[in-house]
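Novice: Got a structure for you, coords-v1.tsv, holding TSV, C-alpha atoms.
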```tsv
chain	number	residue	atom	x	y	z
A	1	MET	CA	24.47	16.14	7.18
A	2	LYS	CA	22.53	19.35	6.64
A	3	THR	CA	24.16	22.03	8.75
A	4	PHE	CA	21.96	24.05	11.07
A	5	LEU	CA	21.90	25.20	14.66
A	6	ILE	CA	19.61	22.72	16.41
A	7	SER	CA	17.39	23.97	19.21
A	8	ALA	CA	18.00	22.55	22.65
A	9	LEU	CA	14.44	21.26	22.43
A	10	ALA	CA	15.54	18.81	19.77
A	11	LEU	CA	18.13	17.29	22.03
A	12	THR	CA	15.62	15.49	24.21
A	13	ALA	CA	15.59	11.70	24.26
A	14	GLY	CA	14.57	9.69	21.23
A	15	LEU	CA	13.50	11.58	18.14
A	16	GLY	CA	13.07	14.92	19.87
A	17	VAL	CA	10.08	16.55	21.53
A	18	GLY	CA	6.89	14.56	21.97
A	19	SER	CA	8.09	11.14	23.07
A	20	GLY	CA	5.96	9.33	25.65
A	21	ARG	CA	2.33	9.10	26.67
A	22	ALA	CA	-0.60	11.04	25.25
A	23	ALA	CA	-0.96	12.96	28.51
A	24	ASP	CA	2.62	14.20	28.20
A	25	PHE	CA	2.46	15.07	24.52
A	26	ASP	CA	2.53	18.79	23.69
A	27	LEU	CA	1.82	19.51	20.02
A	28	ASN	CA	2.60	23.21	20.43
A	29	ALA	CA	6.03	22.40	21.87
A	30	LEU	CA	6.68	20.08	18.93
A	31	ILE	CA	5.72	22.84	16.49
A	32	GLU	CA	8.07	25.32	18.15
A	33	ALA	CA	10.93	22.81	18.14
A	34	ALA	CA	10.30	22.06	14.47
A	35	LYS	CA	10.60	25.74	13.58
A	36	ALA	CA	14.19	25.75	14.84
A	37	GLU	CA	15.24	22.96	12.47
A	38	PRO	CA	16.41	22.77	8.85
A	39	PRO	CA	13.95	22.39	5.97
A	40	LEU	CA	12.25	19.00	5.77
A	41	THR	CA	12.66	16.47	2.95
A	42	VAL	CA	9.90	13.89	2.53
A	43	TYR	CA	9.60	11.02	0.05
A	44	ASP	CA	6.60	8.94	-0.99
A	45	SER	CA	5.71	6.77	-3.97
A	46	THR	CA	2.74	8.99	-4.84
A	47	GLY	CA	2.93	12.41	-6.42
A	48	LYS	CA	0.40	13.61	-3.85
A	49	ILE	CA	3.29	13.98	-1.41
A	50	THR	CA	4.18	17.27	-3.10
A	51	GLU	CA	0.76	18.68	-2.31
A	52	MET	CA	0.94	17.34	1.24
A	53	ALA	CA	4.35	18.87	1.91
A	54	ASP	CA	3.29	22.24	0.51
A	55	ALA	CA	0.16	22.31	2.68
A	56	PHE	CA	2.17	21.24	5.73
A	57	ALA	CA	4.70	24.00	5.17
A	58	ALA	CA	1.97	26.62	4.78
A	59	LYS	CA	0.12	25.43	7.89
A	60	TYR	CA	3.11	25.51	10.23
A	61	GLY	CA	5.30	28.16	8.63
A	62	LEU	CA	8.05	25.68	7.81
A	63	GLN	CA	9.98	24.69	4.72
A	64	ALA	CA	9.24	21.22	3.39
A	65	THR	CA	9.78	19.47	0.09
A	66	GLY	CA	7.84	16.41	-0.98
A	67	THR	CA	9.20	14.21	-3.74
A	68	LYS	CA	7.68	11.22	-5.52
A	69	THR	CA	10.15	8.33	-5.43
A	70	LYS	CA	9.66	4.59	-5.86
A	71	ALA	CA	9.91	2.45	-2.75
A	72	THR	CA	13.03	0.64	-3.99
A	73	ALA	CA	14.82	3.94	-4.58
A	74	GLN	CA	13.84	5.16	-1.13
A	75	LEU	CA	15.24	2.03	0.48
A	76	GLU	CA	18.54	2.35	-1.34
A	77	THR	CA	18.83	6.06	-0.59
A	78	ILE	CA	18.15	5.71	3.13
A	79	ILE	CA	20.65	2.88	3.57
A	80	ARG	CA	23.32	4.73	1.60
A	81	GLU	CA	22.80	8.03	3.45
A	82	VAL	CA	22.83	6.51	6.92
A	83	GLN	CA	25.88	4.39	6.19
A	84	SER	CA	27.78	7.40	4.87
A	85	GLY	CA	26.69	9.68	7.71
A	86	ASN	CA	25.28	12.14	5.16
A	87	VAL	CA	21.55	11.99	5.86
A	88	GLN	CA	19.48	14.19	3.56
A	89	THR	CA	16.17	12.31	3.80
A	90	ASP	CA	14.07	13.08	6.87
A	91	VAL	CA	10.77	11.25	6.40
A	92	SER	CA	10.06	8.30	4.15
A	93	PHE	CA	6.60	6.95	3.37
A	94	ILE	CA	7.37	3.57	1.84
A	95	SER	CA	4.73	1.47	0.10
A	96	ASP	CA	6.73	-1.68	0.86
A	97	VAL	CA	6.12	-2.63	4.48
A	98	PRO	CA	7.92	-6.00	4.27
A	99	ALA	CA	11.12	-4.37	2.97
A	100	ALA	CA	10.98	-1.76	5.71
A	101	MET	CA	10.47	-4.45	8.33
A	102	GLY	CA	13.07	-6.75	6.80
A	103	GLN	CA	15.79	-4.15	6.15
A	104	LEU	CA	15.37	-0.63	7.45
A	105	LEU	CA	14.02	-1.22	10.94
A	106	PRO	CA	16.25	-4.13	12.03
A	107	GLY	CA	19.24	-2.45	10.38
A	108	ASP	CA	18.63	0.69	12.48
A	109	PHE	CA	18.40	2.85	9.36
A	110	ALA	CA	15.05	4.33	10.34
A	111	GLU	CA	12.46	4.17	13.05
A	112	SER	CA	8.72	4.36	13.46
A	113	TRP	CA	7.06	7.00	15.64
A	114	LEU	CA	3.45	6.83	16.83
A	115	PRO	CA	1.82	10.20	17.62
A	116	PRO	CA	0.82	9.74	21.29
A	117	ASP	CA	-2.29	11.92	21.07
A	118	LEU	CA	-3.62	9.93	18.09
A	119	ALA	CA	-2.73	6.44	19.30
A	120	ALA	CA	-6.24	5.69	20.59
A	121	ASP	CA	-7.64	6.32	17.10
A	122	ILE	CA	-5.12	4.15	15.26
A	123	SER	CA	-5.76	0.44	14.91
A	124	PRO	CA	-3.37	-1.56	17.12
A	125	GLU	CA	-2.13	-3.61	14.17
A	126	ALA	CA	-1.15	-0.40	12.37
A	127	GLN	CA	0.91	1.10	15.20
A	128	ASN	CA	4.23	-0.75	15.13
A	129	PRO	CA	5.44	0.07	12.60
A	130	LEU	CA	3.09	2.97	11.93
A	131	LEU	CA	1.05	2.42	8.77
A	132	ILE	CA	0.06	5.74	7.25
A	133	VAL	CA	-2.46	4.53	4.68
A	134	SER	CA	-3.72	1.40	3.01
A	135	SER	CA	-4.19	1.41	-0.75
A	136	PRO	CA	-6.95	-0.91	-2.00
A	137	ASN	CA	-6.22	-2.90	-5.13
A	138	VAL	CA	-9.56	-4.13	-6.41
A	139	LEU	CA	-11.14	-6.28	-9.08
A	140	THR	CA	-12.65	-4.17	-11.85
A	141	TYR	CA	-14.77	-4.58	-14.96
A	142	ASN	CA	-15.93	-2.50	-17.92
A	143	THR	CA	-19.33	-0.92	-17.23
A	144	LYS	CA	-19.88	-0.45	-20.98
A	145	LEU	CA	-19.62	-4.18	-21.58
A	146	PHE	CA	-21.34	-5.52	-18.47
A	147	ASP	CA	-24.30	-4.40	-16.36
A	148	LYS	CA	-22.54	-5.79	-13.28
A	149	CYS	CA	-19.29	-7.51	-12.40
A	150	PRO	CA	-19.11	-10.68	-14.53
A	151	ILE	CA	-17.60	-12.78	-11.75
A	152	THR	CA	-18.88	-13.67	-8.30
A	153	ASN	CA	-16.05	-15.93	-7.13
A	154	ILE	CA	-12.29	-15.37	-7.54
A	155	TRP	CA	-11.83	-18.98	-8.68
A	156	GLN	CA	-13.66	-18.02	-11.89
A	157	LEU	CA	-10.47	-16.21	-12.86
A	158	THR	CA	-8.81	-19.63	-13.19
A	159	GLU	CA	-11.41	-20.99	-15.64
A	160	PRO	CA	-11.16	-21.18	-19.46
A	161	GLU	CA	-13.69	-18.35	-19.92
A	162	TRP	CA	-11.17	-15.89	-18.46
A	163	LYS	CA	-8.02	-17.34	-19.98
A	164	GLY	CA	-5.86	-14.40	-21.01
A	165	LYS	CA	-8.62	-11.99	-19.94
A	166	VAL	CA	-7.37	-10.99	-16.49
A	167	SER	CA	-5.12	-7.92	-16.41
A	168	MET	CA	-2.81	-7.29	-13.48
A	169	GLN	CA	0.72	-6.20	-12.72
A	170	ASP	CA	3.42	-8.84	-13.05
A	171	PRO	CA	4.15	-10.46	-9.65
A	172	LEU	CA	7.76	-10.91	-10.78
A	173	GLY	CA	8.16	-7.13	-10.85
A	174	LYS	CA	5.59	-5.94	-8.30
A	175	PRO	CA	6.35	-7.20	-4.77
A	176	SER	CA	2.96	-6.12	-3.42
A	177	TYR	CA	1.44	-8.99	-5.40
A	178	THR	CA	3.64	-11.66	-3.86
A	179	ASP	CA	2.93	-10.02	-0.51
A	180	TRP	CA	-0.78	-10.38	-1.31
A	181	PHE	CA	-0.27	-14.08	-1.99
A	182	ASN	CA	1.44	-14.56	1.36
A	183	GLN	CA	-1.13	-12.45	3.19
A	184	MET	CA	-3.89	-14.65	1.74
A	185	ARG	CA	-2.13	-17.82	2.83
A	186	SER	CA	-1.40	-16.40	6.28
A	187	HIS	CA	-4.73	-14.76	7.04
A	188	ALA	CA	-7.43	-15.97	4.64
A	189	ASP	CA	-6.51	-19.44	3.41
A	190	ASP	CA	-9.62	-20.99	4.91
A	191	ARG	CA	-11.75	-18.47	3.02
A	192	ILE	CA	-9.95	-19.23	-0.25
A	193	ALA	CA	-10.61	-22.94	0.33
A	194	ALA	CA	-14.28	-22.31	1.15
A	195	ALA	CA	-14.69	-20.24	-2.03
A	196	TYR	CA	-13.26	-23.14	-4.06
A	197	GLU	CA	-15.76	-25.54	-2.53
A	198	ALA	CA	-18.61	-23.08	-3.13
A	199	LYS	CA	-17.62	-22.72	-6.77
A	200	PHE	CA	-16.82	-26.31	-7.70
A	201	GLY	CA	-18.90	-28.26	-5.20
A	202	LYS	CA	-15.97	-30.20	-3.84
A	203	LYS	CA	-13.05	-29.72	-1.52
A	204	LEU	CA	-9.60	-28.88	-2.80
A	205	ASP	CA	-7.25	-31.74	-3.52
A	206	ALA	CA	-5.74	-32.73	-0.19
A	207	ALA	CA	-2.32	-32.77	-1.88
A	208	ALA	CA	-2.40	-28.96	-2.26
A	209	ALA	CA	0.03	-27.28	0.12
A	210	SER	CA	-2.55	-24.54	0.73
A	211	ALA	CA	-5.64	-23.20	-0.95
A	212	THR	CA	-3.79	-19.97	-1.75
A	213	GLU	CA	-0.93	-21.77	-3.48
A	214	ALA	CA	-3.45	-23.75	-5.53
A	215	PHE	CA	-5.23	-20.52	-6.51
A	216	VAL	CA	-2.01	-18.70	-7.43
A	217	ALA	CA	-0.79	-21.64	-9.54
A	218	ALA	CA	-4.15	-21.92	-11.33
A	219	LEU	CA	-4.35	-18.17	-11.96
A	220	ALA	CA	-0.83	-18.15	-13.43
A	221	ALA	CA	-1.62	-21.13	-15.63
A	222	ASN	CA	-4.64	-19.28	-17.03
A	223	GLY	CA	-2.35	-16.74	-18.70
A	224	PRO	CA	-3.36	-13.36	-17.28
A	225	LEU	CA	-2.28	-10.26	-19.18
A	226	LEU	CA	0.67	-8.98	-17.17
A	227	THR	CA	1.52	-5.28	-17.18
A	228	ASP	CA	4.19	-3.03	-15.73
A	229	SER	CA	1.74	-0.55	-14.22
A	230	ASP	CA	-1.74	-0.13	-12.80
A	231	SER	CA	-2.46	2.30	-15.62
A	232	ALA	CA	-1.82	-0.37	-18.25
A	233	ALA	CA	-3.91	-2.93	-16.36
A	234	ALA	CA	-6.80	-0.46	-16.10
A	235	GLU	CA	-6.47	0.44	-19.79
A	236	ALA	CA	-6.89	-3.20	-20.77
A	237	VAL	CA	-10.15	-3.32	-18.85
A	238	ALA	CA	-11.90	-0.08	-19.62
A	239	ALA	CA	-10.06	2.34	-21.91
A	240	PRO	CA	-12.28	4.15	-24.42
A	241	GLY	CA	-13.09	1.84	-27.30
A	242	GLN	CA	-12.21	-1.38	-25.50
A	243	THR	CA	-14.45	-4.17	-26.78
A	244	GLN	CA	-12.76	-7.19	-25.24
A	245	PRO	CA	-14.12	-8.37	-21.88
A	246	PHE	CA	-11.41	-8.17	-19.23
A	247	VAL	CA	-11.42	-8.32	-15.46
A	248	GLY	CA	-8.57	-6.35	-13.92
A	249	LEU	CA	-6.89	-6.00	-10.56
A	250	VAL	CA	-5.91	-2.35	-10.17
A	251	SER	CA	-5.43	0.37	-7.60
A	252	ALA	CA	-8.58	2.22	-6.56
A	253	ALA	CA	-6.70	5.38	-7.53
A	254	LYS	CA	-7.12	4.46	-11.19
A	255	PHE	CA	-10.86	5.18	-11.01
A	256	ARG	CA	-10.01	8.85	-11.37
A	257	ASP	CA	-9.36	8.00	-15.04
A	258	ASN	CA	-13.12	7.55	-15.48
A	259	ASP	CA	-13.35	11.32	-15.56
A	260	GLY	CA	-9.84	12.25	-16.58
A	261	ALA	CA	-9.42	9.81	-19.49
A	262	GLY	CA	-12.92	8.59	-20.26
A	263	PHE	CA	-12.42	5.13	-18.77
A	264	THR	CA	-15.43	3.02	-17.73
A	265	LEU	CA	-14.07	1.15	-14.71
A	266	GLY	CA	-16.54	-0.52	-12.38
A	267	LEU	CA	-15.86	-1.96	-8.95
A	268	CYS	CA	-16.47	-5.68	-8.56
A	269	ASP	CA	-18.30	-6.02	-5.26
A	270	GLY	CA	-19.70	-9.18	-3.72
A	271	VAL	CA	-16.96	-11.46	-5.08
A	272	ASP	CA	-16.37	-14.52	-2.88
A	273	PRO	CA	-14.28	-14.33	-0.70
A	274	ILE	CA	-12.53	-10.97	-1.39
A	275	ILE	CA	-12.65	-8.24	-4.01
A	276	GLY	CA	-8.97	-7.38	-3.68
A	277	PHE	CA	-6.26	-6.53	-1.20
A	278	SER	CA	-4.72	-3.51	0.49
A	279	ASN	CA	-1.11	-2.50	0.10
A	280	ALA	CA	0.05	-0.46	3.09
A	281	THR	CA	2.46	2.46	3.35
A	282	VAL	CA	4.72	2.67	6.39
A	283	GLY	CA	5.87	6.03	7.75
A	284	LEU	CA	9.50	6.15	8.88
A	285	ILE	CA	11.81	8.79	10.27
A	286	VAL	CA	15.38	8.36	9.07
A	287	LYS	CA	18.05	7.84	11.71
A	288	GLY	CA	20.44	10.78	11.82
A	289	THR	CA	17.97	13.37	10.57
A	290	ASP	CA	18.79	16.85	11.83
A	291	SER	CA	15.08	17.74	11.71
A	292	PRO	CA	13.68	15.16	14.15
A	293	ASN	CA	10.88	17.35	15.46
A	294	ALA	CA	9.80	18.57	12.02
A	295	ALA	CA	9.82	14.93	10.92
A	296	LYS	CA	7.56	13.94	13.79
A	297	LEU	CA	5.30	16.89	13.11
A	298	PHE	CA	4.91	15.80	9.49
A	299	VAL	CA	4.05	12.24	10.54
A	300	HIS	CA	1.49	13.67	12.97
A	301	TYR	CA	0.05	15.87	10.20
A	302	ALA	CA	-0.20	12.92	7.80
A	303	MET	CA	-2.27	11.00	10.36
A	304	THR	CA	-4.98	13.66	10.37
A	305	ALA	CA	-7.86	14.11	7.95
A	306	GLU	CA	-6.41	17.43	6.77
A	307	GLY	CA	-2.97	16.00	6.15
A	308	ILE	CA	-3.95	12.87	4.28
A	309	ALA	CA	-6.76	14.47	2.25
A	310	PRO	CA	-4.85	14.46	-1.08
A	311	GLN	CA	-4.35	10.70	-0.83
A	312	ALA	CA	-7.84	9.99	0.49
A	313	GLU	CA	-9.16	11.39	-2.79
A	314	ASP	CA	-7.52	8.41	-4.48
A	315	GLY	CA	-9.21	5.87	-2.23
A	316	LYS	CA	-6.28	5.50	0.17
A	317	LEU	CA	-7.53	4.85	3.67
A	318	SER	CA	-5.86	6.36	6.71
A	319	SER	CA	-4.97	4.08	9.62
A	320	ASN	CA	-6.63	6.73	11.79
A	321	LYS	CA	-10.09	5.24	12.32
A	322	THR	CA	-11.68	8.69	12.63
A	323	VAL	CA	-10.58	9.58	9.08
A	324	GLY	CA	-12.75	8.26	6.27
A	325	LEU	CA	-12.78	8.53	2.51
A	326	PRO	CA	-14.46	11.47	0.75
A	327	ALA	CA	-18.07	10.88	-0.24
A	328	ASP	CA	-17.14	11.56	-3.87
A	329	GLU	CA	-14.11	9.21	-3.99
A	330	PRO	CA	-14.56	7.75	-7.49
A	331	SER	CA	-14.14	3.99	-6.92
A	332	GLY	CA	-16.76	3.65	-4.17
A	333	VAL	CA	-14.49	1.23	-2.34
A	334	GLY	CA	-15.28	2.91	0.97
A	335	ALA	CA	-18.60	1.04	1.09
A	336	HIS	CA	-16.87	-2.30	0.52
A	337	LEU	CA	-13.78	-2.21	2.72
A	338	ASP	CA	-14.92	-5.31	4.59
A	339	GLU	CA	-14.55	-7.20	1.29
A	340	VAL	CA	-10.92	-6.12	0.81
A	341	LEU	CA	-8.19	-8.20	2.44
A	342	PRO	CA	-6.42	-5.74	4.77
A	343	TYR	CA	-2.66	-5.70	5.10
A	344	ASP	CA	-1.58	-7.33	8.38
A	345	PRO	CA	2.01	-6.38	9.30
A	346	SER	CA	2.22	-9.18	11.88
A	347	THR	CA	3.48	-11.38	9.02
A	348	GLY	CA	5.39	-8.59	7.27
A	349	VAL	CA	8.78	-10.22	7.79
A	350	GLU	CA	7.41	-13.49	6.45
A	351	ASP	CA	6.07	-11.61	3.41
A	352	TRP	CA	9.62	-10.36	2.88
A	353	ASP	CA	11.24	-13.76	3.37
A	354	THR	CA	8.86	-15.64	1.03
A	355	ARG	CA	8.87	-13.29	-1.96
A	356	GLN	CA	11.25	-15.48	-3.92
A	357	ASP	CA	9.19	-18.59	-3.15
A	358	TRP	CA	6.02	-16.99	-4.50
A	359	GLN	CA	7.83	-15.68	-7.56
A	360	ASP	CA	9.15	-19.18	-8.23
A	361	LEU	CA	5.64	-20.63	-7.93
A	362	TRP	CA	4.32	-18.02	-10.36
A	363	ARG	CA	7.20	-18.49	-12.81
A	364	LEU	CA	6.80	-22.27	-12.85
A	365	ASN	CA	3.06	-22.13	-13.56
A	366	TYR	CA	2.62	-19.07	-15.78
A	367	LYS	CA	1.52	-19.79	-19.34
A	368	ARG	CA	0.31	-17.60	-22.21
```
Could you render the structure as structure tokens?

Specialist:
Amino acid sequence: MKTFLISALALTAGLGVGSGRAADFDLNALIEAAKAEPPLTVYDSTGKITEMADAFAAKYGLQATGTKTKATAQLETIIREVQSGNVQTDVSFISDVPAAMGQLLPGDFAESWLPPDLAADISPEAQNPLLIVSSPNVLTYNTKLFDKCPITNIWQLTEPEWKGKVSMQDPLGKPSYTDWFNQMRSHADDRIAAAYEAKFGKKLDAAAASATEAFVAALAANGPLLTDSDSAAAEAVAAPGQTQPFVGLVSAAKFRDNDGAGFTLGLCDGVDPIIGFSNATVGLIVKGTDSPNAAKLFVHYAMTAEGIAPQAEDGKLSSNKTVGLPADEPSGVGAHLDEVLPYDPSTGVEDWDTRQDWQDLWRLNYKR
């Protein structure tokens, strides 16, 4: 472990100073305790974590390093460090809630901490474990080719007109997509069924295990263009010079390419029953950290408008209900959040347990 003389303040119960009720929480005491601890190491799957860590360090007079690392690498690193007793990672923002709930939390490799003074502003479903942000993944179209989104119902994506013309990341390599499938079945299956009936004028075949499974199988059979990144999916839809009509499912963060790379991405709003889904990021403090108070202070900072600002610019929505998206956020998804399927961690473990089942369903039905 990192060697450093730990303040007596850090030796209080739990993860250091600040455990308990809002009335007992003392942010100033937490700041002072954090200043007596070693430099902080924070990981996230977005490069914005570097900017966040630098701003945090400047604000509180601490040393902190933010590093962009994929969720799978974070999981492996945390487990390895805790098992070896050589913990170097202090805070981990992991964009794979099911894996965190299925491995890290039950394995006692990390724990979630809810800032007591902010609890009233954080949605109950986002508190345990603490979800830092939700990242909308939305249906998009090319504004140079269409005056408005060319679809109004997600079942259109399963029809011959859109065969091979839907771009999205490969569910066999992107777990958030299989999680989306399970979230739809768990929390919106009746809406998927109603959208089918609205589109085709008849009820789904009673033999279908669920409306979501029928949709996933039909989408796979319609041969979508599968990519290994959101960037590639967005490029297929609206890169400069694109003349083929595609509908894509991409992160709202990719709309920044409209200015940066000359893309012409448009947000599909009003699609029955949803325009996309949110992938959440869970904030965890690694067991065995020798900077427990600095770790808690960083989590607290990330749950404020100031702390999460670099990610909010990319359309990522804080779980703190008092924190909104910037007015100039490029996708405009902030006006359509009620059309995005939110991530519900109440079925996070089930999302984890059924990934292979959804991958098998996709693999069996996918055709090009």

Novice: Distance atom CA of Leu337 of chain A-atom CA of Ala126 of chain A, one decimal place?

Specialist: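 Atom CA of Leu337 of chain A sits 16.0 Å away from atom CA of Ala126 of chain A.
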
Novice: Compare A:Gln103, A:Gln183, A:Asn320, A:Thr152 by their minimum atom-to-atom distance to Met303 of chain A, counting only C-alpha atoms, and give me the closest one.

Specialist: A:Asn320

Novice: Find the spatial neighbours of Pro345 of chain A, counting only C-alpha atoms, within a cut-off of 9 Å - ignore same-chain residues fewer than 6 positions away - and output them as a list in words.

Specialist: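 Surrounding residues, per the criterion: Val97, Pro98, Met101, Glu125, Ala126, Asn128, Pro129, Leu131, Ala280 and Asp351 of chain A.
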
Novice: Take the residues that were just selected and, keeping C-alpha atoms, output them as an mmCIF file, keeping the file's coordinate frame.

Specialist:
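Done, and the output landed in selection_1.cif:
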```cif
data_model
loop_
_atom_site.group_PDB
_atom_site.id
_atom_site.type_symbol
_atom_site.label_atom_id
_atom_site.label_comp_id
_atom_site.auth_asym_id
_atom_site.auth_seq_id
_atom_site.Cartn_x
_atom_site.Cartn_y
_atom_site.Cartn_z
ATOM 1 C CA VAL A 97 6.120 -2.630 4.480
ATOM 2 C CA PRO A 98 7.920 -6.000 4.270
ATOM 3 C CA MET A 101 10.470 -4.450 8.330
ATOM 4 C CA GLU A 125 -2.130 -3.610 14.170
ATOM 5 C CA ALA A 126 -1.150 -0.400 12.370
ATOM 6 C CA ASN A 128 4.230 -0.750 15.130
ATOM 7 C CA PRO A 129 5.440 0.070 12.600
ATOM 8 C CA LEU A 131 1.050 2.420 8.770
ATOM 9 C CA ALA A 280 0.050 -0.460 3.090
ATOM 10 C CA ASP A 351 6.070 -11.610 3.410
#
```

Novice: Considering all atoms listed in the file, can you say which of A:Ile151, A:Ala309, A:Ala214, A:Ala193 comes closest to Leu267 of chain A?

Specialist: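 Checking each of A:Ile151, A:Ala309, A:Ala214, A:Ala193 against Leu267 of chain A, counting all atoms listed in the file, the winner is A:Ile151.
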
Novice: For Asp269 of chain A, list every protein, DNA or RNA residue within 8 Å, evaluated using all atoms listed in the file, and leave out those in the same chain fewer than 2 positions away; present the list as a PyMOL selection string.

Specialist: chain A and resi 149+267+271+275+336+339

Novice: Which of these, A:Pro116, A:Met184, A:Lys367, A:Lys254, has the shortest distance to Phe25 of chain A once you count only C-alpha atoms?

Specialist: A:Pro116

Novice: Determine the nearest neighbour of Thr65 of chain A from the options A:Ala295, A:Pro175, A:Lys203, A:Thr143, counting all atoms listed in the file.

Specialist: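 Between A:Ala295, A:Pro175, A:Lys203, A:Thr143, the residue approaching Thr65 of chain A most closely is A:Ala295.
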
Novice: Find the distance between atom CA of Thr281 of chain A and atom CA of Ala23 of chain A and write it in Å to one decimal.

Specialist: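 Rounded to one decimal, the two atoms are 27.5 Å apart.
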
Novice: Restrict the calculation to only C-alpha atoms, then for each residue of segment 84-185 of chain A with any atom at most 7 Å from an atom of segment 355-366 of chain A give the closest atom pair and their distance in Å to one decimal, rows by chain and rising residue number, as a Markdown table.

Specialist:
```
| residue | atom | partner | partner_atom | distance |
| --- | --- | --- | --- | --- |
| A:Pro171 | CA | A:Gln359 | CA | 6.7 |
| A:Leu172 | CA | A:Gln359 | CA | 5.8 |
| A:Thr178 | CA | A:Arg355 | CA | 5.8 |
| A:Asp179 | CA | A:Arg355 | CA | 6.9 |
```

Novice: Residues near Ala238 of chain A, anyone? I mean within 12 Å using only C-alpha atoms, not counting same-chain ones fewer than 2 positions away, as a PDB file with C-alpha atoms, keeping the file's coordinate frame.

Specialist:
```pdb
ATOM      1  CA  THR A 140     -12.650  -4.170 -11.850  1.00  0.00           C
ATOM      2  CA  TYR A 141     -14.770  -4.580 -14.960  1.00  0.00           C
ATOM      3  CA  ASN A 142     -15.930  -2.500 -17.920  1.00  0.00           C
ATOM      4  CA  THR A 143     -19.330  -0.920 -17.230  1.00  0.00           C
ATOM      5  CA  LYS A 144     -19.880  -0.450 -20.980  1.00  0.00           C
ATOM      6  CA  LEU A 145     -19.620  -4.180 -21.580  1.00  0.00           C
ATOM      7  CA  PHE A 146     -21.340  -5.520 -18.470  1.00  0.00           C
ATOM      8  CA  SER A 167      -5.120  -7.920 -16.410  1.00  0.00           C
ATOM      9  CA  SER A 231      -2.460   2.300 -15.620  1.00  0.00           C
ATOM     10  CA  ALA A 232      -1.820  -0.370 -18.250  1.00  0.00           C
ATOM     11  CA  ALA A 233      -3.910  -2.930 -16.360  1.00  0.00           C
ATOM     12  CA  ALA A 234      -6.800  -0.460 -16.100  1.00  0.00           C
ATOM     13  CA  GLU A 235      -6.470   0.440 -19.790  1.00  0.00           C
ATOM     14  CA  ALA A 236      -6.890  -3.200 -20.770  1.00  0.00           C
ATOM     15  CA  PRO A 240     -12.280   4.150 -24.420  1.00  0.00           C
ATOM     16  CA  GLY A 241     -13.090   1.840 -27.300  1.00  0.00           C
ATOM     17  CA  GLN A 242     -12.210  -1.380 -25.500  1.00  0.00           C
ATOM     18  CA  THR A 243     -14.450  -4.170 -26.780  1.00  0.00           C
ATOM     19  CA  GLN A 244     -12.760  -7.190 -25.240  1.00  0.00           C
ATOM     20  CA  PRO A 245     -14.120  -8.370 -21.880  1.00  0.00           C
ATOM     21  CA  PHE A 246     -11.410  -8.170 -19.230  1.00  0.00           C
ATOM     22  CA  VAL A 247     -11.420  -8.320 -15.460  1.00  0.00           C
ATOM     23  CA  GLY A 248      -8.570  -6.350 -13.920  1.00  0.00           C
ATOM     24  CA  LEU A 249      -6.890  -6.000 -10.560  1.00  0.00           C
ATOM     25  CA  VAL A 250      -5.910  -2.350 -10.170  1.00  0.00           C
ATOM     26  CA  LYS A 254      -7.120   4.460 -11.190  1.00  0.00           C
ATOM     27  CA  PHE A 255     -10.860   5.180 -11.010  1.00  0.00           C
ATOM     28  CA  ASP A 257      -9.360   8.000 -15.040  1.00  0.00           C
ATOM     29  CA  ASN A 258     -13.120   7.550 -15.480  1.00  0.00           C
ATOM     30  CA  ALA A 261      -9.420   9.810 -19.490  1.00  0.00           C
ATOM     31  CA  GLY A 262     -12.920   8.590 -20.260  1.00  0.00           C
ATOM     32  CA  PHE A 263     -12.420   5.130 -18.770  1.00  0.00           C
ATOM     33  CA  THR A 264     -15.430   3.020 -17.730  1.00  0.00           C
ATOM     34  CA  LEU A 265     -14.070   1.150 -14.710  1.00  0.00           C
ATOM     35  CA  GLY A 266     -16.540  -0.520 -12.380  1.00  0.00           C
ATOM     36  CA  LEU A 267     -15.860  -1.960  -8.950  1.00  0.00           C
TER      37      LEU A 267
END
```

Novice: From the options A:Ser229, A:Ser176, A:Asn222, A:Gln156, which residue's atoms come nearest to Ala198 of chain A, counting only C-alpha atoms?

Specialist: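 Checking each candidate against Ala198 of chain A, we get A:Gln156 as the closest.
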
Novice: Grab all the atoms of segment 127-133 of chain A that the file lists, wrap them in a box along x, y and z, add 3 Å per side, and give me centre plus edge lengths in Å (one decimal) as JSON.

Specialist:
```
{"center_x": 1.5, "center_y": 2.5, "center_z": 9.9, "size_x": 13.9, "size_y": 12.5, "size_z": 16.5}
```

Novice: Have a look at A:Asn86, A:Ser123, A:Ser331, A:Gln74 and name the one nearest to Ala100 of chain A; count all atoms listed in the file.

Specialist: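 Among the listed residues, the smallest separation from Ala100 of chain A belongs to A:Gln74.
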
Novice: How many Å lie between atom CA of Ile49 of chain A and atom CA of Ala312 of chain A, rounded to one decimal?

Specialist: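 Separation between atom CA of Ile49 of chain A and atom CA of Ala312 of chain A: 12.0 Å.
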
Novice: Tell me which protein, DNA and RNA residues are within 10 Å of Thr69 of chain A, counting all atoms listed in the file, leaving out same-chain ones fewer than 2 positions away, and put them as a ChimeraX atom specification.

Specialist: /A:42-47,49,66-67,71-74,92-94

Novice: In the coordinate frame of the file, compute which residues have an atom within 10 Å of (-8.5, 11.1, 0.9) when using only C-alpha atoms, and state them as a PyMOL selection string.

Specialist: chain A and resi 133+305-318+323-329
